[in-house]
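Engineer: Got a structure for you, written out below as structure tokens; questions coming shortly.
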Amino acid sequence: MNRSLLWRGVLILIVVGILAWSAYPLDEKLKLGLDLRGGMHLVLHVLADDALRAETETDMDRTLRLLRDEAEVTGATARRTGNTRFEVLGVPEERDDAVAEVAEDFLANWAWSRQDARLVFDMRDAYESDTRLQAVAQARQTIDNRVNAYGVAEPVITTDADKERIVVQLPGVDDPERVKDLIQSTAFLEFRLVEWPEPGAGGAATREEVLARYGGSVPPSVELLPEEIRDPQTNDVVGERYWAVQATSVITGRDLKNARPGLGDFQQPVVNFTLSPEGGDRFGQATGENIGRGLAIILDGKVVSAPRINGRIDDQGMIEGSFTQQEVQDLVTTLRSGALPAGIEYLEERTVGPSLGQDSIRQGLRAGLIGGALVVLTMLVVYKGSGINAVVALALNVVLVFGALAYFGATLTLPGIAGIILTVGMAVDANVLVFERIREELHKGRTVKSAIANGFDKARSSIFDANVTTLIAALFLFQFGTGPIRGFAVTLSVGILSSIFTALFVSRWIFDLVTSRRGRVERLSI
């Protein structure tokens, strides 16, 4: 055996060996998609307008502080008039120069103008676009954190920022509703001082009772919030009570450093939390100055509990409520992963059961085996002995495809199986091109070795053209597709590269190996 045959054979052995080893055992190394394993497929829409409103309100409050501290404008008020617009009232026209300096130094993301007695601030387009993109990116990260903390193995989370969409694939999920609640929960946590009723009173029975306390309407500095009443046996919601709390928060969930499940004084499930240094300072000052008052713990706009402040609390505390152990665990997961920057709505939901996935695997394997057997039979009948060459190359092609999928951690889906079967057809097509070229050369009277060499040389360009154009199409499918389309594109791309390798490299090596063992080869079974 000459050196060229030897190093080519060693290279083939190394490639096949590495990929075969990476795929063994196949049931453990190869990741299956939702349609084969079962699970959830969700398409979420990020309500980026929520993030714009929050950003506008934050900058509106900041503008009032800047006007007071930097421009020495007092008595100004502000109101939000749109998702990206707010107005400031009470600024004299002669102070416009000072306002311009403040806007130039601190409010570069806002364009402002005077309209009579109002200063109108509009968010710049670039800032609006960046806020929307950041909302999608932050929502994706938060969902990723929550899903990983929930314990879903190998989740797939992708974003389409232009459409403000997030695609979530969760294999093996057996409690879809709990996962949906965990993903969608905004978990905005606030601690606010209670204005009325007094601690221990248990809240007002009706909303009207609170309003009557304030003469029919609560002042701007106070907000009326509900608290759910739960049955202690079943934990079902059986009613509501109401609290008047301060409109401004002492601290929020953004001040949390850590959260973990724990047990209260009566062994009930609670959430223990630790605050950041800055949040701890604010919390300690507020609780120290308000001993004896109620402190409302508010989650997503509802009062969870309103305990009495018995002493100064610095950087550690407890969230008590009518929680089950699972609710505490989910709340801890949500708080530790951070609050969503905007609301989430579901555009699409698909759930695939494990039994349906097993049926898909069986049918896919059956289709592959039947198709493969027909291909093998056809190659042996049409090309006789040379058909064995094609069958060996085809078998190696399948091994390489599964090995590459396992090696690179790709996920096999039902469309992916279709991509593998299509790959088998393209691999055979490449062999047919080569074999027909060899036949033509033999009919011209060339020797066997010369016919083989010319056959591969003349078929190479056609094989490359066909496979490369298909590969380009597969790359576009992967770039712009989602879910099953990407699964098809991945297996098709891997299969194309494998087909080129086996058809032009492995098949040629087999021909050269067979003809090198004999002197002058007179006939070729083709």
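Ordering of the structure tokens sets the chain letters (A, B, ...); residue numbers start at 1 within each chain; ligands are numbered from 1 in the order shown.
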Excluding region 170-172 of chain A and any residue of its chain fewer than 4 positions from it, enumerate the residues within 6 Å of it, using only C-alpha atoms, and give them as a list of chain:residue names.
Structural biologist: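 With the cut-off at 6 Å, the set is A:Leu34, A:Gly38, A:Gly39, A:Met40, A:Pro155.
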Engineer: For the residues selected in the previous step, produce a file with C-alpha atoms as a JSON list (two decimals), in the first residue's frame.
Structural biologist:
```json
[["chain", "number", "residue", "atom", "x", "y", "z"],
["A", 34, "LEU", "CA", -39.68, 18.57, 21.69],
["A", 38, "GLY", "CA", -42.07, 15.75, 24.52],
["A", 39, "GLY", "CA", -42.33, 19.14, 26.23],
["A", 40, "MET", "CA", -43.49, 22.72, 25.62],
["A", 155, "PRO", "CA", -33.92, 24.55, 27.32]]
```
Engineer: For Gly284 (chain A), find every residue with an atom within 9 Å (counting only C-alpha atoms), except residues of its own chain fewer than 6 positions away, and show them as a list in words.
Structural biologist: Arg312, Ile313, Asp314 and Asp315 of chain A
Engineer: For the atom pair CA of Trp243 (chain A) and CA of Val332 (chain A), what is the interatomic distance in Å to one decimal place?
Structural biologist: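 A separation of 24.7 Å between them.
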Engineer: List as a PyMOL selection string the protein and nucleic acid residues near region 198-213 of chain A, meaning an atom at most 8 Å away when only C-alpha atoms are counted, but skip any in the same chain fewer than 5 places from it.
Structural biologist: chain A and resi 218+224+240-244+292-294+306-308
Engineer: Might you pull out every residue within 12 Å of Asp116 (chain A), with only C-alpha atoms counted and same-chain residues fewer than 5 positions away left off, and present them as a tab-separated table (two decimals) with N, CA and C atoms, in the first residue's frame?
Structural biologist:
```
chain	number	residue	atom	x	y	z
A	87	GLU	N	-45.04	65.88	30.55
A	87	GLU	CA	-45.10	67.34	30.61
A	87	GLU	C	-44.72	67.81	32.00
A	88	VAL	N	-44.06	68.96	32.05
A	88	VAL	CA	-43.70	69.59	33.32
A	88	VAL	C	-44.43	70.92	33.40
A	89	LEU	N	-45.13	71.14	34.51
A	89	LEU	CA	-45.89	72.37	34.73
A	89	LEU	C	-45.25	73.16	35.86
A	90	GLY	N	-45.46	74.47	35.84
A	90	GLY	CA	-45.00	75.31	36.93
A	90	GLY	C	-43.59	75.85	36.77
A	91	VAL	N	-43.05	75.82	35.55
A	91	VAL	CA	-41.71	76.37	35.31
A	91	VAL	C	-41.88	77.70	34.60
A	92	PRO	N	-41.45	78.82	35.19
A	92	PRO	CA	-41.59	80.13	34.54
A	92	PRO	C	-40.81	80.19	33.24
A	93	GLU	N	-41.33	80.96	32.29
A	93	GLU	CA	-40.69	81.04	30.98
A	93	GLU	C	-39.29	81.62	31.07
```
Engineer: Contacts of Phe435 (chain A) at 9 Å or less, counting only C-alpha atoms, minus same-chain residues fewer than 5 places along, as a ChimeraX atom specification?
Structural biologist: /A:383,386,430,440,452,455-456,459,526
Engineer: Any chance you could export the current selection's N, CA and C atoms as a PDB file, in the first residue's frame?
Structural biologist:
```pdb
ATOM      1  N   TYR A 383     -25.566  -0.970  -9.898  1.00  0.00           N
ATOM      2  CA  TYR A 383     -24.105  -0.813 -10.027  1.00  0.00           C
ATOM      3  C   TYR A 383     -23.310  -2.017  -9.554  1.00  0.00           C
ATOM      4  N   SER A 386     -19.678  -2.293  -7.564  1.00  0.00           N
ATOM      5  CA  SER A 386     -19.385  -0.919  -7.164  1.00  0.00           C
ATOM      6  C   SER A 386     -20.472  -0.373  -6.238  1.00  0.00           C
ATOM      7  N   ALA A 430     -24.739  11.800  -5.273  1.00  0.00           N
ATOM      8  CA  ALA A 430     -23.328  12.068  -5.549  1.00  0.00           C
ATOM      9  C   ALA A 430     -22.633  10.819  -6.083  1.00  0.00           C
ATOM     10  N   GLU A 440     -19.086   6.133 -18.398  1.00  0.00           N
ATOM     11  CA  GLU A 440     -18.804   6.819 -19.668  1.00  0.00           C
ATOM     12  C   GLU A 440     -17.333   6.651 -20.059  1.00  0.00           C
ATOM     13  N   ILE A 452     -11.691   5.545 -13.350  1.00  0.00           N
ATOM     14  CA  ILE A 452     -12.045   5.954 -11.984  1.00  0.00           C
ATOM     15  C   ILE A 452     -11.540   7.364 -11.707  1.00  0.00           C
ATOM     16  N   GLY A 455     -13.534   9.839 -13.780  1.00  0.00           N
ATOM     17  CA  GLY A 455     -14.919   9.898 -13.311  1.00  0.00           C
ATOM     18  C   GLY A 455     -15.054  10.806 -12.101  1.00  0.00           C
ATOM     19  N   PHE A 456     -14.150  10.661 -11.127  1.00  0.00           N
ATOM     20  CA  PHE A 456     -14.203  11.528  -9.940  1.00  0.00           C
ATOM     21  C   PHE A 456     -13.879  12.981 -10.290  1.00  0.00           C
ATOM     22  N   ALA A 459     -16.918  14.569 -12.101  1.00  0.00           N
ATOM     23  CA  ALA A 459     -18.149  14.681 -11.296  1.00  0.00           C
ATOM     24  C   ALA A 459     -17.988  15.650 -10.131  1.00  0.00           C
ATOM     25  N   ILE A 526     -19.447  -2.594 -12.458  1.00  0.00           N
ATOM     26  CA  ILE A 526     -20.216  -1.360 -12.302  1.00  0.00           C
ATOM     27  C   ILE A 526     -21.359  -1.289 -13.309  1.00  0.00           C
TER      28      ILE A 526
END
```
Engineer: Give me, as a PyMOL selection string, all polymer residues having an atom no more than 9 Å from region 404-420 of chain A, counting only C-alpha atoms and skipping those fewer than 3 positions away in the same chain.
Structural biologist: chain A and resi 18-20+22-24+26+29-37+357+360-361+364-365+368+398-401+423-425+483-495
Engineer: Quick one, how far is CA of Leu66 (chain A) from CA of Ser249 (chain A)?
Structural biologist: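 Between these atoms lies a distance of 20.5 Å.
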Engineer: Which of these residues is nearest to Ser450 (chain A), using only C-alpha atoms: A:Ser499, A:Asp512, A:Ile388, A:Leu471?
Structural biologist: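 Checking each candidate against Ser450 (chain A), we get A:Asp512 as the closest.
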Engineer: DSSP on the backbone, then: every residue of region 288-492 of chain A marked helix (DSSP H, G or I), written as a PyMOL selection string.
Structural biologist: chain A and resi 288-289+325-337+354-407+414-443+448-480+484-492
Engineer: Mind dumping the selected residues with C-alpha atoms as a short mmCIF file (atom, residue, chain, number, x, y, z; two decimals), in the first residue's frame?
Structural biologist:
```
data_model
loop_
_atom_site.label_atom_id
_atom_site.label_comp_id
_atom_site.auth_asym_id
_atom_site.auth_seq_id
_atom_site.Cartn_x
_atom_site.Cartn_y
_atom_site.Cartn_z
CA GLY A 288 -36.25 52.57 62.68
CA GLU A 289 -38.29 55.74 62.27
CA GLN A 325 -44.11 25.26 49.95
CA GLN A 326 -44.23 25.21 46.15
CA GLU A 327 -45.38 28.85 45.99
CA VAL A 328 -42.48 29.85 48.23
CA GLN A 329 -40.04 27.99 46.01
CA ASP A 330 -41.46 29.60 42.87
CA LEU A 331 -41.39 33.06 44.49
CA VAL A 332 -37.75 32.58 45.50
CA THR A 333 -36.91 31.47 41.97
CA THR A 334 -38.66 34.49 40.49
CA LEU A 335 -37.12 37.00 42.90
CA ARG A 336 -33.60 35.64 42.47
CA SER A 337 -33.87 35.74 38.68
CA PRO A 354 -43.78 11.78 25.52
CA SER A 355 -45.89 9.02 23.96
CA LEU A 356 -46.42 11.09 20.81
CA GLY A 357 -42.68 11.73 20.72
CA GLN A 358 -41.96 7.99 20.90
CA ASP A 359 -44.39 7.38 18.06
CA SER A 360 -42.56 9.99 16.00
CA ILE A 361 -39.22 8.29 16.69
CA ARG A 362 -40.57 4.88 15.69
CA GLN A 363 -42.14 6.20 12.50
CA GLY A 364 -39.01 8.18 11.65
CA LEU A 365 -36.80 5.14 12.15
CA ARG A 366 -39.18 2.99 10.12
CA ALA A 367 -39.14 5.49 7.26
CA GLY A 368 -35.35 5.72 7.43
CA LEU A 369 -34.86 1.95 7.46
CA ILE A 370 -37.29 1.32 4.59
CA GLY A 371 -35.83 4.14 2.53
CA GLY A 372 -32.27 3.01 3.32
CA ALA A 373 -33.04 -0.61 2.39
CA LEU A 374 -34.53 0.45 -0.96
CA VAL A 375 -31.50 2.65 -1.67
CA VAL A 376 -29.08 -0.19 -0.85
CA LEU A 377 -31.02 -2.63 -3.03
CA THR A 378 -31.12 -0.15 -5.93
CA MET A 379 -27.38 0.56 -5.77
CA LEU A 380 -26.51 -3.14 -5.69
CA VAL A 381 -28.84 -3.97 -8.60
CA VAL A 382 -27.84 -1.04 -10.81
CA TYR A 383 -24.11 -0.81 -10.03
CA LYS A 384 -23.35 -4.40 -8.94
CA GLY A 385 -19.99 -4.66 -7.14
CA SER A 386 -19.38 -0.92 -7.16
CA GLY A 387 -22.72 -0.56 -5.38
CA ILE A 388 -21.03 -2.05 -2.31
CA ASN A 389 -18.70 0.94 -2.36
CA ALA A 390 -21.73 3.28 -2.30
CA VAL A 391 -23.38 1.30 0.53
CA VAL A 392 -20.22 1.51 2.70
CA ALA A 393 -19.91 5.25 2.04
CA LEU A 394 -23.61 5.67 2.81
CA ALA A 395 -23.31 3.81 6.12
CA LEU A 396 -20.32 5.93 7.11
CA ASN A 397 -22.29 9.02 6.12
CA VAL A 398 -25.07 8.19 8.58
CA VAL A 399 -22.51 7.47 11.34
CA LEU A 400 -20.81 10.82 10.67
CA VAL A 401 -24.11 12.73 10.74
CA PHE A 402 -25.23 11.32 14.12
CA GLY A 403 -21.71 11.65 15.49
CA ALA A 404 -21.47 15.31 14.44
CA LEU A 405 -24.89 16.10 15.94
CA ALA A 406 -23.82 14.55 19.25
CA TYR A 407 -20.33 16.13 19.16
CA LEU A 414 -38.62 15.22 13.61
CA PRO A 415 -37.86 17.58 10.68
CA GLY A 416 -34.23 16.80 11.46
CA ILE A 417 -34.90 13.14 10.72
CA ALA A 418 -36.37 14.28 7.40
CA GLY A 419 -33.16 16.21 6.82
CA ILE A 420 -31.11 13.05 7.44
CA ILE A 421 -33.24 11.08 4.97
CA LEU A 422 -32.80 13.88 2.43
CA THR A 423 -29.06 13.73 3.12
CA VAL A 424 -29.07 10.02 2.33
CA GLY A 425 -30.69 10.80 -1.03
CA MET A 426 -28.11 13.49 -1.80
CA ALA A 427 -25.26 11.18 -0.80
CA VAL A 428 -26.56 8.52 -3.19
CA ASP A 429 -27.02 11.16 -5.86
CA ALA A 430 -23.33 12.07 -5.55
CA ASN A 431 -22.34 8.40 -5.96
CA VAL A 432 -24.62 8.10 -9.00
CA LEU A 433 -22.90 11.08 -10.64
CA VAL A 434 -19.47 9.56 -10.05
CA PHE A 435 -20.46 6.05 -11.18
CA GLU A 436 -22.12 7.30 -14.36
CA ARG A 437 -19.00 9.29 -15.22
CA ILE A 438 -16.89 6.17 -14.65
CA ARG A 439 -19.19 4.20 -16.93
CA GLU A 440 -18.80 6.82 -19.67
CA GLU A 441 -15.02 6.65 -19.38
CA LEU A 442 -15.06 2.85 -19.57
CA HIS A 443 -17.25 3.01 -22.68
CA VAL A 448 -10.21 0.96 -15.08
CA LYS A 449 -7.84 3.12 -13.03
CA SER A 450 -7.96 5.93 -15.58
CA ALA A 451 -11.76 5.73 -15.78
CA ILE A 452 -12.05 5.95 -11.98
CA ALA A 453 -9.71 8.96 -11.80
CA ASN A 454 -11.47 10.79 -14.67
CA GLY A 455 -14.92 9.90 -13.31
CA PHE A 456 -14.20 11.53 -9.94
CA ASP A 457 -12.51 14.55 -11.52
CA LYS A 458 -15.41 15.27 -13.90
CA ALA A 459 -18.15 14.68 -11.30
CA ARG A 460 -16.49 16.78 -8.61
CA SER A 461 -17.71 20.16 -9.86
CA SER A 462 -21.30 18.96 -10.27
CA ILE A 463 -21.30 17.47 -6.77
CA PHE A 464 -19.86 20.64 -5.27
CA ASP A 465 -22.37 22.84 -7.09
CA ALA A 466 -25.38 20.81 -6.00
CA ASN A 467 -24.29 20.48 -2.37
CA VAL A 468 -22.99 24.01 -1.87
CA THR A 469 -26.18 25.61 -3.21
CA THR A 470 -28.23 23.37 -0.90
CA LEU A 471 -25.91 24.26 1.98
CA ILE A 472 -26.50 27.98 1.33
CA ALA A 473 -30.26 27.41 1.42
CA ALA A 474 -29.88 25.47 4.70
CA LEU A 475 -27.87 28.32 6.24
CA PHE A 476 -30.63 30.78 5.33
CA LEU A 477 -33.20 28.46 6.88
CA PHE A 478 -31.14 28.33 10.07
CA GLN A 479 -30.63 32.09 10.15
CA PHE A 480 -34.25 33.11 9.65
CA PRO A 484 -38.40 22.78 13.73
CA ILE A 485 -37.12 24.70 10.69
CA ARG A 486 -33.76 25.21 12.41
CA GLY A 487 -33.65 21.52 13.34
CA PHE A 488 -34.11 20.60 9.70
CA ALA A 489 -31.44 23.12 8.63
CA VAL A 490 -28.88 21.82 11.15
CA THR A 491 -29.14 18.16 10.15
CA LEU A 492 -29.24 19.06 6.46
#
```
Engineer: Quick one: pull the distance between CA of Glu228 (chain A) and CA of Val303 (chain A), Å, one decimal.
Structural biologist: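 Here the two named atoms are 7.6 Å from each other.
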